[in-house]
>>> print(open('protein-v1.txt').read())   # compact mmCIF, C-alpha atoms
# COMPACT_ATOMS: atom_id res chain seq x y z
CA MET A 1 0.00 0.00 0.00
CA GLU A 2 1.10 3.59 -0.69
CA LYS A 3 2.63 5.45 2.24
CA ILE A 4 1.09 8.91 2.58
CA LEU A 5 2.34 11.85 4.64
CA PHE A 6 -0.01 14.79 5.26
CA ILE A 7 1.65 18.16 5.81
CA ASN A 8 -0.32 20.95 7.48
CA GLN A 9 0.99 23.40 10.08
CA TRP A 10 -2.51 23.88 11.53
CA PRO A 11 -4.80 20.97 10.55
CA SER A 12 -8.48 21.71 11.04
CA HIS A 13 -11.40 19.29 11.27
CA LEU A 14 -11.32 19.27 7.45
CA THR A 15 -7.79 17.85 7.32
CA LYS A 16 -8.53 15.38 10.10
CA ASP A 17 -11.59 14.03 8.28
CA ILE A 18 -9.56 13.64 5.08
CA ILE A 19 -6.74 11.85 6.92
CA ASN A 20 -9.17 9.51 8.66
CA THR A 21 -10.77 8.63 5.34
CA PHE A 22 -7.37 7.84 3.80
CA ALA A 23 -6.51 5.78 6.90
CA GLU A 24 -9.38 3.44 6.05
CA LYS A 25 -7.74 2.61 2.71
CA PHE A 26 -4.00 3.02 3.30
CA ASN A 27 -2.01 1.28 6.02
CA ASP A 28 0.80 3.78 6.53
CA ILE A 29 -0.34 7.35 7.24
CA GLY A 30 1.74 10.17 8.72
CA LEU A 31 1.07 13.77 9.69
CA ILE A 32 3.48 16.66 10.17
CA ALA A 33 1.69 19.40 12.10
CA GLY A 34 2.06 22.18 14.65
CA TYR A 35 -1.20 22.69 16.51
CA ILE A 36 -3.95 20.18 15.70
CA SER A 37 -7.47 21.59 16.00
CA GLU A 38 -9.64 20.07 18.71
CA SER A 39 -12.80 20.52 16.65
CA GLY A 40 -14.43 17.63 14.86
CA SER A 41 -13.54 13.95 15.00
CA PRO A 42 -10.30 12.73 16.64
CA LEU A 43 -7.51 11.41 14.42
CA ASN A 44 -7.29 7.71 13.69
CA LYS A 45 -4.87 6.21 16.21
CA LYS A 46 -2.69 4.63 13.53
CA VAL A 47 -1.69 8.06 12.16
CA LYS A 48 1.97 8.76 12.99
CA ILE A 49 2.26 12.38 14.14
CA CYS A 50 5.44 14.51 14.00
CA ARG A 51 5.22 17.93 15.63
CA ILE A 52 6.67 21.16 14.26
CA ILE A 53 6.46 24.77 15.42
CA LYS A 54 2.93 26.12 15.86
CA TYR A 55 1.64 28.89 13.62
CA ASN A 56 1.70 32.19 15.50
CA LYS A 57 -0.46 34.90 13.94
CA SER A 58 -0.13 37.52 16.67
CA THR A 59 2.09 39.79 14.52
CA VAL A 60 3.31 39.90 10.92
CA PHE A 61 6.82 39.05 12.13
CA SER A 62 5.64 36.01 14.12
CA ARG A 63 3.59 34.77 11.17
CA VAL A 64 6.50 34.93 8.75
CA THR A 65 8.95 33.50 11.29
CA THR A 66 6.77 30.49 12.11
CA TRP A 67 6.11 29.90 8.39
CA ILE A 68 9.85 29.82 7.65
CA LEU A 69 10.76 27.66 10.64
CA ALA A 70 7.92 25.22 9.94
CA THR A 71 9.00 24.83 6.31
CA ILE A 72 12.59 24.10 7.33
CA GLN A 73 11.42 21.55 9.91
CA ILE A 74 9.16 19.86 7.34
CA ILE A 75 12.00 19.52 4.83
CA ILE A 76 14.30 17.99 7.47
CA LEU A 77 11.63 15.53 8.69
CA VAL A 78 10.69 14.43 5.18
CA ASN A 79 14.31 13.73 4.28
CA ILE A 80 15.08 11.89 7.52
CA LYS A 81 11.87 9.99 8.35
CA PHE A 82 9.53 10.05 5.34
CA ARG A 83 11.67 9.71 2.20
CA LYS A 84 9.48 6.95 0.73
CA TYR A 85 6.14 8.61 1.43
CA HIS A 86 3.80 10.33 -1.01
CA LEU A 87 3.36 13.87 0.30
CA PHE A 88 -0.11 15.41 0.64
CA ILE A 89 0.80 19.08 1.06
CA THR A 90 -1.64 21.81 2.06
CA SER A 91 -1.05 25.55 1.57
CA ASN A 92 -0.31 25.88 5.28
CA PRO A 93 2.45 26.97 5.76
CA PRO A 94 2.39 29.09 2.59
CA LEU A 95 6.06 28.34 1.89
CA SER A 96 5.14 24.67 1.32
CA THR A 97 5.38 25.41 -2.39
CA PHE A 98 9.18 25.29 -1.98
CA ILE A 99 9.30 21.84 -0.30
CA PRO A 100 9.75 19.88 -3.59
CA LEU A 101 12.94 21.83 -4.27
CA PHE A 102 14.54 19.98 -1.35
CA CYS A 103 12.68 16.65 -1.37
CA ARG A 104 12.42 14.02 -4.07
CA ASN A 105 9.06 12.60 -2.97
CA HIS A 106 6.07 12.37 -5.26
CA TYR A 107 3.38 14.74 -4.02
CA SER A 108 -0.18 16.02 -4.22
CA ILE A 109 -1.40 19.43 -3.06
CA GLN A 110 -4.49 20.94 -1.47
CA ILE A 111 -4.97 24.69 -1.89
CA LEU A 112 -6.94 26.37 0.91
CA ASP A 113 -5.37 29.80 0.33
CA ILE A 114 -3.51 30.98 -2.77
CA TYR A 115 -0.05 32.43 -2.16
CA PRO A 116 1.51 34.83 -2.99
CA ASP A 117 -1.80 36.13 -4.38
CA ALA A 118 -3.32 36.48 -0.90
CA LEU A 119 -0.30 38.48 0.31
CA VAL A 120 -0.54 40.81 -2.69
CA ALA A 121 -4.30 41.24 -2.15
CA GLY A 122 -3.71 42.04 1.52
CA GLY A 123 -1.07 44.65 0.68
CA PHE A 124 1.73 42.74 2.43
CA ILE A 125 3.89 42.50 -0.70
CA SER A 126 3.86 44.37 -4.01
CA GLN A 127 2.73 42.90 -7.31
CA LYS A 128 6.05 44.06 -8.78
CA SER A 129 8.24 42.79 -5.94
CA TRP A 130 10.93 40.19 -6.56
CA ILE A 131 9.33 37.98 -3.87
CA ASN A 132 6.05 37.87 -5.76
CA LYS A 133 7.73 37.18 -9.11
CA MET A 134 9.99 34.46 -7.72
CA TRP A 135 7.12 32.82 -5.79
CA ARG A 136 4.86 32.78 -8.85
CA ARG A 137 7.59 31.16 -10.97
CA GLN A 138 8.01 28.46 -8.34
CA ASN A 139 4.24 27.94 -8.18
CA LYS A 140 4.19 26.95 -11.86
CA LYS A 141 6.83 24.28 -11.22
CA TYR A 142 5.08 23.22 -8.01
CA PHE A 143 1.71 22.68 -9.69
CA ALA A 144 3.24 21.03 -12.75
CA GLY A 145 4.97 18.46 -10.57
CA ALA A 146 1.91 17.60 -8.45
CA GLU A 147 0.11 14.35 -9.18
CA ASN A 148 -3.16 15.69 -7.75
CA VAL A 149 -4.34 19.27 -7.20
CA PHE A 150 -7.33 19.86 -4.91
CA THR A 151 -9.03 23.12 -3.96
CA ILE A 152 -12.27 24.19 -2.29
CA THR A 153 -14.12 26.57 -4.65
CA SER A 154 -14.54 27.09 -8.36
CA GLY A 155 -13.30 30.68 -7.88
CA MET A 156 -10.05 29.36 -6.44
CA ALA A 157 -9.73 26.90 -9.32
CA LYS A 158 -10.11 29.77 -11.79
CA THR A 159 -7.53 31.88 -9.94
CA LEU A 160 -5.08 28.96 -10.08
CA SER A 161 -5.25 28.88 -13.89
CA PRO A 162 -1.99 30.90 -14.34
CA TYR A 163 -0.20 28.15 -12.43
CA CYS A 164 -2.00 25.02 -13.52
CA ASN A 165 -4.10 23.50 -16.30
CA SER A 166 -7.71 23.73 -15.10
CA ASP A 167 -8.37 20.11 -16.11
CA LYS A 168 -5.95 19.00 -13.41
CA ILE A 169 -7.75 20.81 -10.58
CA LYS A 170 -10.39 18.98 -8.55
CA VAL A 171 -12.85 21.16 -6.60
CA ILE A 172 -14.26 19.66 -3.41
CA ALA A 173 -16.43 21.80 -1.14
CA GLN A 174 -15.69 22.30 2.56
CA TRP A 175 -17.85 21.10 5.43
CA PRO A 176 -18.30 21.96 9.13
CA PRO A 177 -16.85 19.88 11.96
CA THR A 178 -18.86 16.86 13.03
CA ASP A 179 -20.68 17.89 16.18
CA GLY A 180 -21.42 14.91 18.36
CA ASN A 181 -23.24 17.12 20.87
CA GLY A 182 -26.25 17.69 18.61
CA ARG A 183 -28.76 20.47 19.09
CA ILE A 184 -28.75 22.53 22.26
CA GLU A 185 -32.16 23.85 23.28
CA ARG A 186 -32.26 27.58 23.88
CA SER A 187 -33.33 27.02 27.48
CA GLN A 188 -30.22 24.84 28.01
CA ASN A 189 -27.78 27.12 26.16
CA ILE A 190 -25.09 28.23 28.62
CA PHE A 191 -23.94 31.12 26.39
CA ILE A 192 -27.48 32.53 26.27
CA GLN A 193 -27.86 32.15 30.03
CA THR A 194 -24.43 33.66 30.79
CA HIS A 195 -25.10 36.80 28.75
CA SER A 196 -28.84 37.12 29.53
CA LEU A 197 -29.90 36.71 25.90
CA LYS A 198 -32.98 34.55 26.53
CA ASN A 199 -35.49 37.17 25.38
CA ASN A 200 -33.35 38.63 22.60
CA PHE A 201 -33.23 38.13 18.85
CA VAL A 202 -29.50 37.57 18.36
CA VAL A 203 -27.53 38.79 15.33
CA MET A 204 -24.05 37.29 15.70
CA TYR A 205 -20.67 37.82 14.09
CA SER A 206 -17.98 35.41 15.25
CA GLY A 207 -14.51 35.48 13.71
CA ASN A 208 -11.54 37.69 12.92
CA ILE A 209 -12.06 41.42 13.37
CA GLY A 210 -9.53 42.51 10.78
CA LEU A 211 -9.22 44.62 7.68
CA GLY A 212 -11.87 43.70 5.14
CA HIS A 213 -14.15 41.88 7.56
CA HIS A 214 -16.69 44.74 7.58
CA VAL A 215 -17.48 44.39 11.29
CA ASP A 216 -18.01 48.16 11.42
CA THR A 217 -21.02 47.61 9.14
CA ILE A 218 -22.60 45.48 11.89
CA VAL A 219 -21.98 48.25 14.44
CA GLU A 220 -23.52 50.85 12.13
CA THR A 221 -26.55 48.59 11.73
CA ALA A 222 -26.80 48.25 15.52
CA ARG A 223 -26.77 52.03 15.70
CA ILE A 224 -29.79 52.24 13.40
CA LEU A 225 -31.65 49.59 15.42
CA LYS A 226 -30.56 50.70 18.90
CA ASP A 227 -34.14 51.66 19.85
CA PHE A 228 -35.68 48.49 18.38
CA LYS A 229 -36.74 46.27 21.25
CA ASN A 230 -34.95 42.96 21.99
CA ILE A 231 -32.50 42.86 19.07
CA MET A 232 -28.97 42.18 20.33
CA PHE A 233 -25.82 42.30 18.19
CA VAL A 234 -23.13 39.93 19.48
CA ILE A 235 -19.60 40.32 18.09
CA ILE A 236 -17.09 37.62 19.06
CA GLY A 237 -13.45 37.70 18.00
CA GLU A 238 -10.08 39.39 17.91
CA GLY A 239 -8.10 41.32 15.33
CA TRP A 240 -6.50 44.56 14.24
CA ASN A 241 -9.81 46.41 13.95
CA LYS A 242 -11.14 45.41 17.37
CA PRO A 243 -10.03 48.69 19.06
CA MET A 244 -11.92 50.62 16.38
CA ILE A 245 -15.05 48.51 16.98
CA GLU A 246 -14.77 49.10 20.74
CA ARG A 247 -14.46 52.83 20.12
CA LEU A 248 -17.53 52.94 17.86
CA ILE A 249 -19.69 51.02 20.33
CA LYS A 250 -18.67 53.41 23.11
CA GLU A 251 -19.02 56.52 20.93
CA TYR A 252 -22.54 55.53 19.82
CA GLY A 253 -23.54 54.46 23.34
CA LEU A 254 -24.83 51.13 22.05
CA LYS A 255 -26.51 48.98 24.69
CA ASN A 256 -27.60 46.52 22.01
CA CYS A 257 -24.03 45.53 21.11
CA LEU A 258 -22.07 42.89 23.02
CA LEU A 259 -18.35 42.58 22.19
CA LEU A 260 -16.60 39.42 23.40
CA PRO A 261 -13.27 37.63 22.88
CA PHE A 262 -13.03 34.27 21.12
CA GLN A 263 -14.86 31.68 23.21
CA PRO A 264 -13.19 28.57 24.67
CA SER A 265 -14.05 25.28 22.96
CA SER A 266 -16.33 24.30 25.85
CA MET A 267 -18.44 27.43 25.25
CA PHE A 268 -18.16 27.54 21.45
CA LYS A 269 -20.70 24.75 20.93
CA HIS A 270 -23.19 26.91 22.86
CA SER A 271 -22.28 30.29 21.35
CA SER A 272 -22.44 28.88 17.80
CA GLN A 273 -26.08 27.90 18.38
CA ALA A 274 -27.14 31.11 20.12
CA ALA A 275 -27.63 33.15 16.94
CA ASP A 276 -30.94 33.79 15.18
CA ILE A 277 -29.01 35.33 12.29
CA GLY A 278 -25.37 34.54 11.51
CA VAL A 279 -23.21 37.24 9.93
CA VAL A 280 -20.58 36.20 7.36
CA SER A 281 -18.30 38.69 5.61
CA VAL A 282 -15.60 38.45 2.98
CA SER A 283 -13.31 41.13 1.60
CA LYS A 284 -13.51 42.29 -2.00
CA GLU A 285 -10.02 40.92 -2.69
CA LEU A 286 -10.93 37.41 -1.51
CA ALA A 287 -14.56 37.37 -2.63
CA MET A 288 -14.00 35.09 -5.63
CA LEU A 289 -11.51 32.86 -3.84
CA SER A 290 -13.15 31.50 -0.73
CA VAL A 291 -16.21 30.90 1.38
CA PRO A 292 -15.43 31.36 5.11
CA ILE A 293 -15.67 28.03 6.94
CA LYS A 294 -18.07 29.60 9.46
CA THR A 295 -20.62 29.65 6.63
CA TYR A 296 -20.87 25.86 6.71
CA ASN A 297 -21.09 25.85 10.51
CA LEU A 298 -24.09 28.19 10.32
CA ILE A 299 -25.69 26.14 7.56
CA SER A 300 -25.38 22.95 9.60
CA LYS A 301 -27.07 24.72 12.55
CA GLU A 302 -29.85 26.00 10.23
CA ILE A 303 -29.09 29.65 11.05
CA PRO A 304 -30.07 32.14 8.27
CA LEU A 305 -27.15 34.07 6.79
CA LEU A 306 -26.60 37.80 6.64
CA CYS A 307 -23.64 38.23 4.31
CA VAL A 308 -21.55 41.33 3.76
CA THR A 309 -19.57 41.23 0.54
CA GLU A 310 -18.87 43.27 -2.58
CA GLY A 311 -19.63 42.45 -6.21
CA GLN A 312 -19.56 38.86 -7.38
CA SER A 313 -18.44 36.36 -4.79
CA GLU A 314 -18.42 32.64 -4.07
CA LEU A 315 -20.36 33.39 -0.89
CA ALA A 316 -23.10 35.28 -2.75
CA ALA A 317 -23.39 32.47 -5.30
CA LEU A 318 -23.84 29.90 -2.53
CA VAL A 319 -26.44 31.95 -0.66
CA SER A 320 -28.38 32.68 -3.85
CA LYS A 321 -28.30 29.08 -5.11
CA TYR A 322 -29.80 27.60 -1.95
CA GLU A 323 -31.81 30.67 -0.81
CA ILE A 324 -30.41 30.52 2.74
CA GLY A 325 -30.09 34.24 3.48
CA LYS A 326 -29.19 37.52 1.78
CA CYS A 327 -26.05 39.38 0.74
CA PHE A 328 -25.41 43.10 1.07
CA THR A 329 -22.61 45.53 0.36
CA PRO A 330 -20.88 47.15 3.37
CA HIS A 331 -22.77 50.41 2.76
CA GLN A 332 -26.30 48.94 2.70
CA VAL A 333 -26.90 49.36 6.42
CA ASN A 334 -30.53 50.43 5.94
CA GLU A 335 -31.27 47.37 3.81
CA ILE A 336 -29.48 45.16 6.37
CA SER A 337 -31.62 46.69 9.12
CA ASP A 338 -34.81 45.94 7.16
CA PHE A 339 -33.66 42.34 6.61
CA ILE A 340 -33.06 41.81 10.33
CA ILE A 341 -36.45 43.28 11.25
CA SER A 342 -38.22 41.13 8.65
CA LEU A 343 -36.72 37.95 10.11
CA LYS A 344 -37.50 38.99 13.68
CA THR A 345 -41.13 39.82 12.95
CA ASN A 346 -42.04 37.17 10.36
CA ASN A 347 -41.83 33.52 11.43
CA GLU A 348 -42.76 32.34 7.93
CA ILE A 349 -39.55 33.82 6.49
CA ILE A 350 -37.46 32.16 9.21
CA THR A 351 -39.20 28.84 8.63
CA SER A 352 -38.57 29.05 4.88
CA TYR A 353 -34.88 29.78 5.38
CA LYS A 354 -34.48 26.94 7.89
CA LYS A 355 -36.06 24.47 5.45
CA ASN A 356 -33.66 25.58 2.72
CA LEU A 357 -30.73 25.42 5.13
CA LYS A 358 -31.59 21.86 6.10
CA ASN A 359 -31.61 20.80 2.44
CA CYS A 360 -28.43 22.74 1.72
CA ALA A 361 -26.56 21.14 4.61
CA GLN A 362 -26.76 17.71 2.98
CA ASN A 363 -24.23 18.89 0.36
CA PHE A 364 -21.60 19.93 2.90
CA THR A 365 -20.83 17.05 5.25
CA SER A 366 -17.77 14.99 6.16
CA ARG A 367 -18.85 12.56 3.42
CA ASN A 368 -17.06 14.98 1.07
CA ALA A 369 -13.77 13.67 2.51
CA LEU A 370 -14.38 10.47 0.55
CA LEU A 371 -14.16 12.51 -2.67
CA TYR A 372 -10.48 13.11 -1.92
CA VAL A 373 -9.82 9.37 -1.79
CA ASN A 374 -11.96 8.63 -4.86
CA ASN A 375 -10.16 11.33 -6.89
CA PHE A 376 -6.66 10.50 -5.64
CA ASN A 377 -4.53 9.20 -8.50
CA VAL A 378 -0.94 8.03 -7.98
>>> encode(input="protein-v1.txt", output="structure tokens")
Amino acid sequence: MEKILFINQWPSHLTKDIINTFAEKFNDIGLIAGYISESGSPLNKKVKICRIIKYNKSTVFSRVTTWILATIQIIILVNIKFRKYHLFITSNPPLSTFIPLFCRNHYSIQILDIYPDALVAGGFISQKSWINKMWRRQNKKYFAGAENVFTITSGMAKTLSPYCNSDKIKVIAQWPPTDGNGRIERSQNIFIQTHSLKNNFVVMYSGNIGLGHHVDTIVETARILKDFKNIMFVIIGEGWNKPMIERLIKEYGLKNCLLLPFQPSSMFKHSSQAADIGVVSVSKELAMLSVPIKTYNLISKEIPLLCVTEGQSELAALVSKYEIGKCFTPHQVNEISDFIISLKTNNEIITSYKKNLKNCAQNFTSRNALLYVNNFNV
């Protein structure tokens, strides 16, 4: 049987489900990882795990440093312990594209984020910089040498076309973590009890509060609805724009806005089910590349989506196709306010969305992990 080594500095439930599915078919499975997410199913016990430095995203310097160190550690481990393994390389760390320069293994790749494109889009490096040009040249060699290329959206597949023949790319949709705890009744929800939200209609944003996440749009909407009874805006997360969000909430005197840090895993299963409306946002630069993973979590919980995006986007296409919410631009705060009020005051609309969400959820489950095995050619 083929020996397969998965490489991911921060494997999520998605990677774990894929590994577990491969473990059912292949006898020898390895994983090189830093921090392994606690969400979702546990890893199959026969997976051999080698630890590397954890990804640290607290500053730009720490991000780059941990990317570089992780890549060096991966190259050393592959050459010492896994020389006869087929490598299944994710785009985490981003410098993974350079691993084949130092290892002779056959390999396949999974693209969750496109580098250096994402760094250019975020303004971290220039389009004309030597780093971007050198990285893009290496990407072409990297993709050409891969035996399998997987990605998660059709928009990503299209963006990869400068690096790779589109016929080679296999698109497999993401899915939320398997939640063995099932539904939590509102009366039993610890998050709702802790924050006295029992009698409130909850509009929730949970995630990074960074540039391009449009969290200020949610605060502006809360400002419009601050006198509307029993609507509470809950913002959970951390990021560069959090001080600005704190300032706006204080400046506007918003009593209908609750700002919290990321919740511990023990509370997350409760907080993720506390929302009546789930807010998902994506920046203009990344709109055609990805659908935030939180989208699939909300779908699985049958929570209608309020999406903030610009122009065409993978997120808007998903929401429109399954009719599971609505999308708005960051400046449509009045329209967003009307949407929230309509869902709060009309149970028929909520019921319709929940029915569509239930049907939609069947397309985004851990069964999709089997598609990786079925489309894996070596």
>>> atom_distance(input="protein-v1.txt", atom1="atom CA of Asn230 of chain A", atom2="atom CA of Leu259 of chain A")
16.6 Å
>>> closest_atom_pairs(input="protein-v1.txt", of="segment 77-138 of chain A", to="segment 167-174 of chain A", cutoff="12 Å", atoms="all atoms listed in the file", output="JSON lines")
{"residue": "A:Ser108", "atom": "CA", "partner": "A:Ile169", "partner_atom": "CA", "distance": 11.0}
{"residue": "A:Ile109", "atom": "CA", "partner": "A:Ile169", "partner_atom": "CA", "distance": 9.9}
{"residue": "A:Gln110", "atom": "CA", "partner": "A:Lys170", "partner_atom": "CA", "distance": 9.4}
{"residue": "A:Ile111", "atom": "CA", "partner": "A:Val171", "partner_atom": "CA", "distance": 9.8}
{"residue": "A:Leu112", "atom": "CA", "partner": "A:Gln174", "partner_atom": "CA", "distance": 9.8}
>>> residues_around(input="protein-v1.txt", residues="segment 54-59 of chain A", least_positions_apart="3", cutoff="10 Å", atoms="all atoms listed in the file", output="list in words")
Gln9, Trp10, Ala33, Gly34, Tyr35, Ile36, Arg51, Ser62, Arg63, Val64, Thr65, Thr66, Trp67, Leu69, Ala70, Asn92, Pro93, Gly239 and Trp240 of chain A
>>> atom_distance(input="protein-v1.txt", atom1="atom CA of Gln188 of chain A", atom2="atom CA of Ala274 of chain A")
10.5 Å
>>> closest_residue(input="protein-v1.txt", among="A:Ile231, A:Glu285, A:Ile340, A:Ser366", to="Val120 of chain A", atoms="all atoms listed in the file")
A:Glu285
>>> residues_around(input="protein-v1.txt", residues="Val215 of chain A", least_positions_apart="5", cutoff="12 Å", atoms="only C-alpha atoms", output="ChimeraX atom specification")
/A:204-210,220-222,233-246,248-249,257,259,279-283,307-309,330-331,333
>>> atom_distance(input="protein-v1.txt", atom1="atom CA of Phe262 of chain A", atom2="atom CA of His214 of chain A")
17.5 Å
>>> residues_around(input="protein-v1.txt", residues="Cys360 of chain A", least_positions_apart="2", cutoff="10 Å", atoms="all atoms listed in the file", output="PyMOL selection string")
chain A and resi 296+299-300+302+318-319+321-324+354-358+362-364
>>> closest_residue(input="protein-v1.txt", among="A:Phe98, A:Ile152, A:Asn256, A:Tyr107", to="Arg137 of chain A", atoms="all atoms listed in the file")
A:Phe98
>>> residues_near_point(input="protein-v1.txt", point="(-36.2, 33.7, 7.0)", cutoff="12 Å", atoms="all atoms listed in the file", output="VMD selection string")
chain A and resid 276 to 278 302 to 306 323 to 326 339 to 357
>>> closest_residue(input="protein-v1.txt", among="A:Asn27, A:Ser187, A:Ser272, A:Ser290", to="Ala157 of chain A", atoms="all atoms listed in the file")
A:Ser290
>>> residues_around(input="protein-v1.txt", residues="Ile7 of chain A", least_positions_apart="6", cutoff="6 Å", atoms="all atoms listed in the file", output="JSON, numbers by chain")
{"A": [31, 32, 89]}
>>> residues_around(input="protein-v1.txt", residues="Asn139 of chain A", least_positions_apart="5", cutoff="12 Å", atoms="only C-alpha atoms", output="VMD selection string")
chain A and resid 91 94 to 101 109 111 114 to 117 132 to 134 144 to 146 160 to 164
>>> residues_near_point(input="protein-v1.txt", point="(-17.0, 45.8, -4.7)", cutoff="6 Å", atoms="only C-alpha atoms", output="list in words")
Lys284, Glu310 and Gly311 of chain A
>>> closest_residue(input="protein-v1.txt", among="A:Thr295, A:Thr194, A:Thr15, A:Asn200", to="Ser37 of chain A", atoms="all atoms listed in the file")
A:Thr15
>>> closest_residue(input="protein-v1.txt", among="A:Lys269, A:Lys81, A:Ala275, A:Ala317", to="Ser154 of chain A", atoms="all atoms listed in the file")
A:Ala317
>>> build_atoms(input="protein-v1.txt", residues="segment 36-50 of chain A", atoms="N, CA and C atoms", output="short mmCIF file (atom, residue, chain, number, x, y, z; two decimals), in the frame of the given file")
data_model
loop_
_atom_site.label_atom_id
_atom_site.label_comp_id
_atom_site.auth_asym_id
_atom_site.auth_seq_id
_atom_site.Cartn_x
_atom_site.Cartn_y
_atom_site.Cartn_z
N ILE A 36 -2.87 20.94 16.34
CA ILE A 36 -3.95 20.18 15.70
C ILE A 36 -5.27 20.62 16.33
N SER A 37 -6.18 21.10 15.50
CA SER A 37 -7.47 21.59 16.00
C SER A 37 -8.20 20.53 16.81
N GLU A 38 -8.86 20.98 17.87
CA GLU A 38 -9.64 20.07 18.71
C GLU A 38 -11.03 19.84 18.16
N SER A 39 -11.44 20.64 17.18
CA SER A 39 -12.80 20.52 16.65
C SER A 39 -12.94 19.27 15.79
N GLY A 40 -14.16 18.77 15.72
CA GLY A 40 -14.43 17.63 14.86
C GLY A 40 -13.98 16.30 15.44
N SER A 41 -13.88 15.31 14.59
CA SER A 41 -13.54 13.95 15.00
C SER A 41 -12.07 13.84 15.36
N PRO A 42 -11.72 12.95 16.31
CA PRO A 42 -10.30 12.73 16.64
C PRO A 42 -9.60 11.98 15.51
N LEU A 43 -8.28 12.12 15.44
CA LEU A 43 -7.51 11.41 14.42
C LEU A 43 -7.48 9.92 14.68
N ASN A 44 -7.48 9.15 13.60
CA ASN A 44 -7.29 7.71 13.69
C ASN A 44 -5.99 7.42 14.44
N LYS A 45 -6.02 6.47 15.36
CA LYS A 45 -4.87 6.21 16.21
C LYS A 45 -3.65 5.68 15.46
N LYS A 46 -3.84 5.17 14.25
CA LYS A 46 -2.69 4.63 13.53
C LYS A 46 -1.90 5.72 12.78
N VAL A 47 -2.40 6.96 12.81
CA VAL A 47 -1.69 8.06 12.16
C VAL A 47 -0.44 8.42 12.97
N LYS A 48 0.72 8.40 12.32
CA LYS A 48 1.97 8.76 12.99
C LYS A 48 2.16 10.27 12.91
N ILE A 49 2.22 10.92 14.08
CA ILE A 49 2.26 12.38 14.14
C ILE A 49 3.66 12.88 14.50
N CYS A 50 4.19 13.81 13.70
CA CYS A 50 5.44 14.51 14.00
C CYS A 50 5.12 15.99 14.19
#
